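Novice: Pasting a structure below so you can have a look.
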Amino acid sequence: MMYALIRTELYKIAKRPRSYIGFVAILLIVFIIEFALFIDGASYIEFIFQQLESFLSIEGKVLNGYLVCFIILQTLIIQMPLLVALVTGDVISGEAANGTLRLLLTRPVSRTEVVMAKYIAGSFYVLLLLLLLGALALGGSLLLFGEGDLIILKSETIIVLKSNDVLWRFYAAFGIAFLSLSVVSSFSLMLSCFTDNSIGPIILTMAVIVIFTIIGSFDLPLFDHIKPFLFTSYMIVWRNMFDQPVDWGIMQTSILILILHIILFLGVSIYYFNRKDIHT
Amino acid sequence: MNKLLAVGLICLSLVATTLTGQKAEQLVRNIQADFKKIERYTADLNISFDIPYIKIDPVKGKVYFKQPNLFKVKTEGIAFMPKQNPFYLMELISDPESYVCIDGGSETTPGSIIRIIQLVPKDHEELILAKLWVDAKGNRIQKTLLTTKTNGTIEIKYIYDNNPVIKLPTSMIFGIEVGKFKIPKMMSADLNSRTKQTTSTPSLTQGKIRLNFSNYKLNQDFNEKVFNQ
Amino acid sequence: MDSGMVEISQLSKTYQDVPAVDHLDLIIPQNCIYGFLGPNGAGKSTTLRMLLSLISPDQGTIKVFGKDLKNHRKEILSGIGSIIEKPDFYLYLSGIDNLNLLSRLSGMRPDPKRMADVLELVGLSNRGNHKVATYSHGMKQRLGIAQAIIHNPRLIILDEPTTGLDPNGILELRQLILNLKLDGKTVILSSHILSEIELIADHLVIMNKGKAMVQGNVHTLLNDQELVVLMETDNPELAKEKIHLYWPSIFIQTISTTELQCQAPKELISEINKVLVESGIKIYSVYYKRKLEDYFFKLTGN
């Protein structure tokens with residue numbers, strides 16, 4: 001029955017017009033950035049490095065496909081979770097509001113199966129979004145700008161990664177991004193269980209992500225105590241794949257914490273949903 | 001009597017200075033003469049970096065040179081190079097009338113005597129002052145300290161092998177001053193990072209770029225379009 | 001109590017200290033049409049939702065097909081088809097897509113012939129491929145019936161199934177329900193249209209304030225009651241006097257200047273008619289007011 005449920009959920013996602021907003025948004029954002037950098041990338045690079053170039057001159061192909069891809073991924077830190085929440089935020093509450101939840105739950109399916117099927121279908125949607133992003137951001141950028149060493153700019157450090165040492169890092173980064181977005185998916189699904197309002201969980205998920213990200217960006221001592229408990233603090237760990245050397249300790253810890261968050265959110269969803277009275 | 005002695009001493013020092021200055025100038029001319037024999041060259045390059053705030057692995061490349069000062073480094077990847085052109089010096093000493101040569105004394109090292117020579121350009125577009133440490137025995141520059149108008153001061157150390165034919169260095173070590181630089185926040189890859197940045201390093205600090213040369217090809221033709229790229 | 005298709009025992013559900021269902025005991029026999037009646041807020045929907053495990057009871061047990069619902073939920077639900085309240089579907093999918101989706105979840109393999117048969121049965125053959133968003137309320141109701149029966153369930157629960165249907169549709173639905181019973185199925189029918197229940201139900205329960213006021217075989221329950229007859233005459237007052245002359249205990253009341261209502265055993269009605277006609281009183285029409293209506297109002301205090 002799980003297979004039938006997952007198939008059903010995927011079919012519903014595919015048939016819903018809203019599901020395509022994410023794909024269109026990614027297409028537009030990537031196209032705009034690639035186009036802008038293609039036209040004006042040289043002067044943009046010059047602007048970024050102007051302070052450094054008072055000491056050193058930079059040889060080699062700085063503006064290449066890997067850098068453009070990295071810039072695109074940086075830009076989408078906020079947008080991707082919102083695009084995911086748009087679809088996964090009302091997988092249960094939306095059906096409750098529309099009355100189709102009782103249609104679903106009067107079938108011989110367990111509520112746990114329903115939650116898991118919706119999560120799995122949501123994860124598949126996330127995967128498709130990331131595949132599209134990968135194809136456009138990485139594939140498209142490499143086609144337009146070619147290969148080269150990747151220069152990573154931190155606030156006070158520069159890391160240069162050899163071109164033959166970059167691709168696997170992007171693959172790993174996308175893998176971690178998938179995990180991060182799965183946390184968003186499970187979080188929004190959890191909120192969706194608590195209410196019969198279609199739009200509430202979507203907005204609440206977006207608000208939580210924005211607020212947590214803002215808290216994470218402030219270097220205040222008070223916030224430093226809070227940051228370790230915010231799941232958004234671990235969602236950006238994909239960038240650590242571009243450190244030299246990669247701190248595998250931080251990576252492992254962050255991945256574990258993300259997985260634990262998924263388990264927690266799904267656990268709460270299953271617990272609550274199994275006990276919820278369906279009045280709609 | 002005392003006045004006579006003073007005048008005598010002054011005249012003696014002037015003569016000595018002129019004589020030793022002439023010796024320094026001759027040394028410079030010898031170096032220039034040796035260098036002039038090489039119309040052009042290429043060499044394989046391996047660049048390694050020891051620059052604060054920058055993590056970068058050694059980079060391979062190729063260097064191209066043509067008299068008097070056309071110099072191009074082509075790397076296989078991204079590399080950081082000093083802003084100053086090291087061949088300003090050779091350009092300067094190619095014309096003896098373009099500089100004033102001052103003897104700065106000498107240092108003794110095991111097996112050789114190092115002459116310190118200061119060259120003051122009379123009218124160079126970029127170079128303000130060049131200080132040379134020259135191995136008098138081998139007529140080879142061991143170290144230079146170049147002060148430029150727009151790019152500050154750079155120290156260059158030269159390392160040679162015992163090749164009697166190629167008197168070009170096997171390594172050049174550039175000592176540069178690097179300051180802390182700021183990247184626009186949105187471009188920063190550690191935006192919202194949980195790991196704290198250490199800020200204990202001083203704002204201006206020394207870094208090194210080492211160019212290792214190998215496989216010199218002297219006076220062989222190459223495509224000069226490389227200097228325009 | 002005898003075992004039945006559905007056995008409900010001491011079922012209770014309370015919302016904010018108000019009992020929606022209050023220690024309900026119910027047995028729904030097999031292969032019958034079971035009427036679920038009660039005013040608004042009587043607890044009918046809550047009971048049906050608990051029967052479908054949409055709501056969990058505070059106490060009590062529910063057995064369906066002889067099995068406890070709590071422990072055999074999936075197995076039981078695979079044998080139930082239902083419409084609860086208004087029929088809601090995935091509006092962005094077609095009628096056929098909705099049915100395919102739901103039948104698959106009921107454990108049914110895709111069967112185009114069955115699909116076509118069911119759509120024809122509910123009168124949606126030519127609209128199956130259209131998005132549900134384009135359906136009228138009546139069409140959605142028909143689709144609702146289709147999804148309730150497509151997987152051939154043993155027990156069918158229909159909550160207000162005639163809402164939105166035109167008279168033809170109501171007639172077709174009535175016939176469908178009777179055919180389902182003939183097929184050996186059990187149908188629970190919750191409706192406000194008492195005449196419908198009276199026409200087709202074999203058993204019924206009348207609920208009020210969360211309790212079952214009465215339950216049992218329809219004919220047994222209603223035959224205990226007298227017929228209520230409405231007569232249209234030219235002189236209701238005279239007619240009332242004449243009836244009271246012969247049958248002083250019969251309850252008669254004048255409703256209007258031309259109508260009177262009397263309550264009498266069925267076998268007396270023709271006698272009453274004869275006496276009135278022989279007395280010269282003109283009788284324009286005689287018809288039976290639905291007994292169930294009166295019975296219902298009497299029980300529920302409306």
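Note on naming: chains are A, B, ... as they come in the structure tokens, residues start from 1 per chain, ligands start from 1 in the order shown.
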Which residues are close to Val166 in chain A, i.e. within 10 Å by only C-alpha atoms, leaving aside same-chain residues fewer than 5 positions away? Reply as a PDB file with C-alpha atoms, in the first residue's frame.

Specialist:
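As a result, selection_15.pdb now contains:
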```
ATOM      1  CA  TYR A  66      32.463  26.618 -11.052  1.00  0.00           C
ATOM      2  CA  GLU A 147      36.109  25.096 -16.383  1.00  0.00           C
ATOM      3  CA  GLY A 148      38.786  26.551 -14.151  1.00  0.00           C
ATOM      4  CA  ASP A 149      40.019  26.706 -10.602  1.00  0.00           C
ATOM      5  CA  LEU A 150      37.393  27.703  -8.090  1.00  0.00           C
ATOM      6  CA  VAL A 160      41.623  28.420  -4.397  1.00  0.00           C
ATOM      7  CA  LEU A 161      40.596  24.885  -5.347  1.00  0.00           C
ATOM      8  CA  TYR A 171      28.171  16.678  -5.820  1.00  0.00           C
ATOM      9  CA  MET A 241      32.614  21.215   1.279  1.00  0.00           C
ATOM     10  CA  PHE A 242      34.642  23.992  -0.333  1.00  0.00           C
TER      11      PHE A 242
END
```

Novice: Step one, run DSSP on the backbone; step two, keep only residues of range 152-290 of chain C assigned to alpha helix (DSSP H); then write them as a VMD selection string.

Specialist: chain C and resid 167 to 182 194 to 200 218 to 223 236 to 246 266 to 278

Novice: Report as a list in words the set of chain A residues whose atoms approach chain B to within 6 Å, with distances computed over only C-alpha atoms.

Specialist: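 Putting it all together, I get Gln51, Leu52, Phe55, Leu56, Ser57, Ile58, Glu59, Gly60, Asp149, Leu153, Lys154, Ser155, Thr157, Ile158, Ile159, Val160, Gly216 and Ser217 of chain A.
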
Novice: Let's have the selection written as a PDB file, in the first residue's frame, with C-alpha atoms.

Specialist:
```pdb
ATOM      1  CA  GLN A  51      40.972  45.507  -2.318  1.00  0.00           C
ATOM      2  CA  LEU A  52      43.055  42.383  -2.831  1.00  0.00           C
ATOM      3  CA  PHE A  55      48.520  43.871  -2.993  1.00  0.00           C
ATOM      4  CA  LEU A  56      48.495  41.175  -5.641  1.00  0.00           C
ATOM      5  CA  SER A  57      47.540  40.595  -9.198  1.00  0.00           C
ATOM      6  CA  ILE A  58      45.398  37.577 -10.039  1.00  0.00           C
ATOM      7  CA  GLU A  59      46.320  35.421 -12.986  1.00  0.00           C
ATOM      8  CA  GLY A  60      44.153  32.742 -14.510  1.00  0.00           C
ATOM      9  CA  ASP A 149      40.019  26.706 -10.602  1.00  0.00           C
ATOM     10  CA  LEU A 153      35.841  34.059  -0.990  1.00  0.00           C
ATOM     11  CA  LYS A 154      35.365  34.090   2.738  1.00  0.00           C
ATOM     12  CA  SER A 155      35.109  37.307   4.674  1.00  0.00           C
ATOM     13  CA  THR A 157      40.256  34.352   3.597  1.00  0.00           C
ATOM     14  CA  ILE A 158      40.506  33.220   0.020  1.00  0.00           C
ATOM     15  CA  ILE A 159      40.648  29.556  -0.934  1.00  0.00           C
ATOM     16  CA  VAL A 160      41.623  28.420  -4.397  1.00  0.00           C
ATOM     17  CA  GLY A 216      22.178  33.271  12.373  1.00  0.00           C
ATOM     18  CA  SER A 217      23.627  36.237  10.537  1.00  0.00           C
TER      19      SER A 217
END
```

Novice: For chain C, work out the contacting residues on chain A at 7 Å, counting only C-alpha atoms, and write them as a list in words.

Specialist: Ala4, Leu5, Thr8, Arg16, Asn98, Gly99, Thr100, Arg102, Leu105, Thr106, Arg107, Pro108, Val109, Ser110, Asp277 and Ile278 of chain A

Novice: Need the shell around Thr195 in chain A: protein/DNA/RNA residues with any atom at most 8 Å away, counting only C-alpha atoms. Skip same-chain ones fewer than 5 positions apart. Format as a PDB file with N, CA and C atoms, in the first residue's frame?

Specialist:
```pdb
ATOM      1  N   SER A  93      -2.542  19.862   5.662  1.00  0.00           N
ATOM      2  CA  SER A  93      -3.514  20.904   5.982  1.00  0.00           C
ATOM      3  C   SER A  93      -4.323  21.311   4.755  1.00  0.00           C
ATOM      4  N   GLY A 200      -1.486  28.528   6.250  1.00  0.00           N
ATOM      5  CA  GLY A 200      -0.780  28.802   7.499  1.00  0.00           C
ATOM      6  C   GLY A 200       0.579  28.134   7.623  1.00  0.00           C
ATOM      7  N   PRO A 201       0.665  26.813   7.427  1.00  0.00           N
ATOM      8  CA  PRO A 201       1.954  26.134   7.580  1.00  0.00           C
ATOM      9  C   PRO A 201       2.991  26.624   6.580  1.00  0.00           C
TER      10      PRO A 201
END
```

Novice: With only C-alpha atoms as the counted atoms, please give the residues lying no more than 12 Å from His261 in chain A, apart from itself and same-chain residues fewer than 4 positions off, as a list in words.

Specialist: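 Neighbouring residues, sequence-local ones excluded: Leu179, Ser180, Leu181, Ser182, Val183, Val184, Ser185, Ser186, Phe187, Met190, Phe229, Leu230, Phe231, Thr232, Tyr234, Met235, Ser254, Ile255, Leu256, Ile257, Phe265, Leu266, Gly267 and Val268 of chain A.
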
Novice: Find the residues near Ala117 in chain A: any atom within 9 Å, counting only C-alpha atoms, skip ones fewer than 3 places away on the same chain, and give them as a list of chain:residue names.

Specialist: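 Listing them by chain and then by number gives A:Met2, A:Tyr3, A:Leu5, A:Ile6, A:Arg7, A:Thr8, A:Glu9, A:Thr112, A:Glu113, A:Val114, A:Ile120, A:Ala121, A:Gly122.
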
Novice: Would you save the residues from that selection as a PDB file, in the first residue's frame, using N, CA and C atoms?

Specialist:
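Final output, out29.pdb:
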```pdb
ATOM      1  N   MET A   2       2.074   1.163   0.596  1.00  0.00           N
ATOM      2  CA  MET A   2       2.962   2.328   0.592  1.00  0.00           C
ATOM      3  C   MET A   2       3.265   2.764  -0.825  1.00  0.00           C
ATOM      4  N   TYR A   3       3.516   1.769  -1.681  1.00  0.00           N
ATOM      5  CA  TYR A   3       3.825   2.100  -3.069  1.00  0.00           C
ATOM      6  C   TYR A   3       2.667   2.847  -3.712  1.00  0.00           C
ATOM      7  N   LEU A   5       0.393   4.608  -2.205  1.00  0.00           N
ATOM      8  CA  LEU A   5       0.296   5.930  -1.579  1.00  0.00           C
ATOM      9  C   LEU A   5       1.330   6.890  -2.155  1.00  0.00           C
ATOM     10  N   ILE A   6       2.577   6.412  -2.251  1.00  0.00           N
ATOM     11  CA  ILE A   6       3.643   7.271  -2.763  1.00  0.00           C
ATOM     12  C   ILE A   6       3.335   7.670  -4.203  1.00  0.00           C
ATOM     13  N   ARG A   7       2.900   6.679  -4.950  1.00  0.00           N
ATOM     14  CA  ARG A   7       2.557   6.939  -6.352  1.00  0.00           C
ATOM     15  C   ARG A   7       1.436   7.981  -6.443  1.00  0.00           C
ATOM     16  N   THR A   8       0.446   7.834  -5.578  1.00  0.00           N
ATOM     17  CA  THR A   8      -0.673   8.775  -5.545  1.00  0.00           C
ATOM     18  C   THR A   8      -0.193  10.183  -5.211  1.00  0.00           C
ATOM     19  N   GLU A   9       0.658  10.271  -4.197  1.00  0.00           N
ATOM     20  CA  GLU A   9       1.149  11.598  -3.787  1.00  0.00           C
ATOM     21  C   GLU A   9       1.978  12.241  -4.891  1.00  0.00           C
ATOM     22  N   THR A 112       0.197   6.627   9.632  1.00  0.00           N
ATOM     23  CA  THR A 112       1.663   6.674   9.558  1.00  0.00           C
ATOM     24  C   THR A 112       2.107   6.540   8.103  1.00  0.00           C
ATOM     25  N   GLU A 113       1.469   5.640   7.393  1.00  0.00           N
ATOM     26  CA  GLU A 113       1.804   5.458   5.974  1.00  0.00           C
ATOM     27  C   GLU A 113       1.519   6.732   5.190  1.00  0.00           C
ATOM     28  N   VAL A 114       0.420   7.393   5.534  1.00  0.00           N
ATOM     29  CA  VAL A 114       0.073   8.631   4.831  1.00  0.00           C
ATOM     30  C   VAL A 114       1.161   9.689   5.044  1.00  0.00           C
ATOM     31  N   ILE A 120       7.972  11.226   1.626  1.00  0.00           N
ATOM     32  CA  ILE A 120       8.793  10.658   0.550  1.00  0.00           C
ATOM     33  C   ILE A 120       8.514  11.356  -0.778  1.00  0.00           C
ATOM     34  N   ALA A 121       7.235  11.606  -1.033  1.00  0.00           N
ATOM     35  CA  ALA A 121       6.888  12.310  -2.275  1.00  0.00           C
ATOM     36  C   ALA A 121       7.473  13.723  -2.262  1.00  0.00           C
ATOM     37  N   GLY A 122       7.390  14.378  -1.107  1.00  0.00           N
ATOM     38  CA  GLY A 122       7.978  15.710  -0.968  1.00  0.00           C
ATOM     39  C   GLY A 122       9.478  15.679  -1.196  1.00  0.00           C
TER      40      GLY A 122
END
```

Novice: Let me make sure I understand: among C:Gln59, C:Asn40, C:Ser195, C:Thr47, which one has the smallest atom-to-atom distance to Ile170 in chain C if we use only C-alpha atoms?

Specialist: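 When distances to Ile170 in chain C are compared using only C-alpha atoms, the smallest one comes from C:Ser195.
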
Novice: Which of range 7-232 of chain A end up as strand (DSSP E) when DSSP is run on this backbone - answer as a list of chain:residue names?

Specialist: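 DSSP on the backbone gives strand (DSSP E) at A:Leu56, A:Ser57, A:Ile58, A:Glu59, A:Leu150, A:Ile151, A:Ile152, A:Leu153, A:Ile158, A:Ile159, A:Val160, A:Leu161.
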
Novice: What's the separation between CA of Leu11 in chain C and CA of Leu26 in chain C, in Å to one decimal place?

Specialist: 9.0 Å

Novice: Applying 8 Å and only C-alpha atoms, which residues near Ser171 in chain B remain after dropping the ones on its own chain fewer than 3 positions away? List them as a short mmCIF file (atom, residue, chain, number, x, y, z; two decimals) with C-alpha atoms, in the first residue's frame.

Specialist:
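And here is the file that came out, out_14.cif:
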```cif
data_model
loop_
_atom_site.label_atom_id
_atom_site.label_comp_id
_atom_site.auth_asym_id
_atom_site.auth_seq_id
_atom_site.Cartn_x
_atom_site.Cartn_y
_atom_site.Cartn_z
CA TYR B 158 67.28 34.93 -6.29
CA ILE B 159 68.49 31.36 -6.06
CA TYR B 160 70.80 29.83 -8.65
CA ARG B 210 58.10 31.48 -4.86
CA LEU B 211 58.64 31.00 -8.56
CA ASN B 212 60.64 27.87 -9.41
CA PHE B 213 62.02 27.85 -12.92
#
```

Novice: Fewer than 2 positions away in the same chain doesn't count, so skip those; otherwise give me all residues within 9 Å of Thr61 in chain C, counting only C-alpha atoms, as a list of chain:residue names.

Specialist: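 The residues that qualify are C:Glu7, C:Ile8, C:Ser9, C:Gln10, C:Leu11, C:Pro57, C:Gln59, C:Lys63, C:Asp68, C:Leu69, C:Lys70.
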
Novice: One decimal, in Å: what's the spacing between CA of Leu48 in chain C and CA of Leu124 in chain C?

Specialist: 27.0 Å

Novice: Give the answer as one residue: which of C:Gly66, C:Gly95, C:Gly280, C:Pro248 has the shortest atom-to-atom distance to Thr233 in chain C, using only C-alpha atoms?

Specialist: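 Going through C:Gly66, C:Gly95, C:Gly280, C:Pro248 one by one, the smallest distance to Thr233 in chain C is for C:Gly280.
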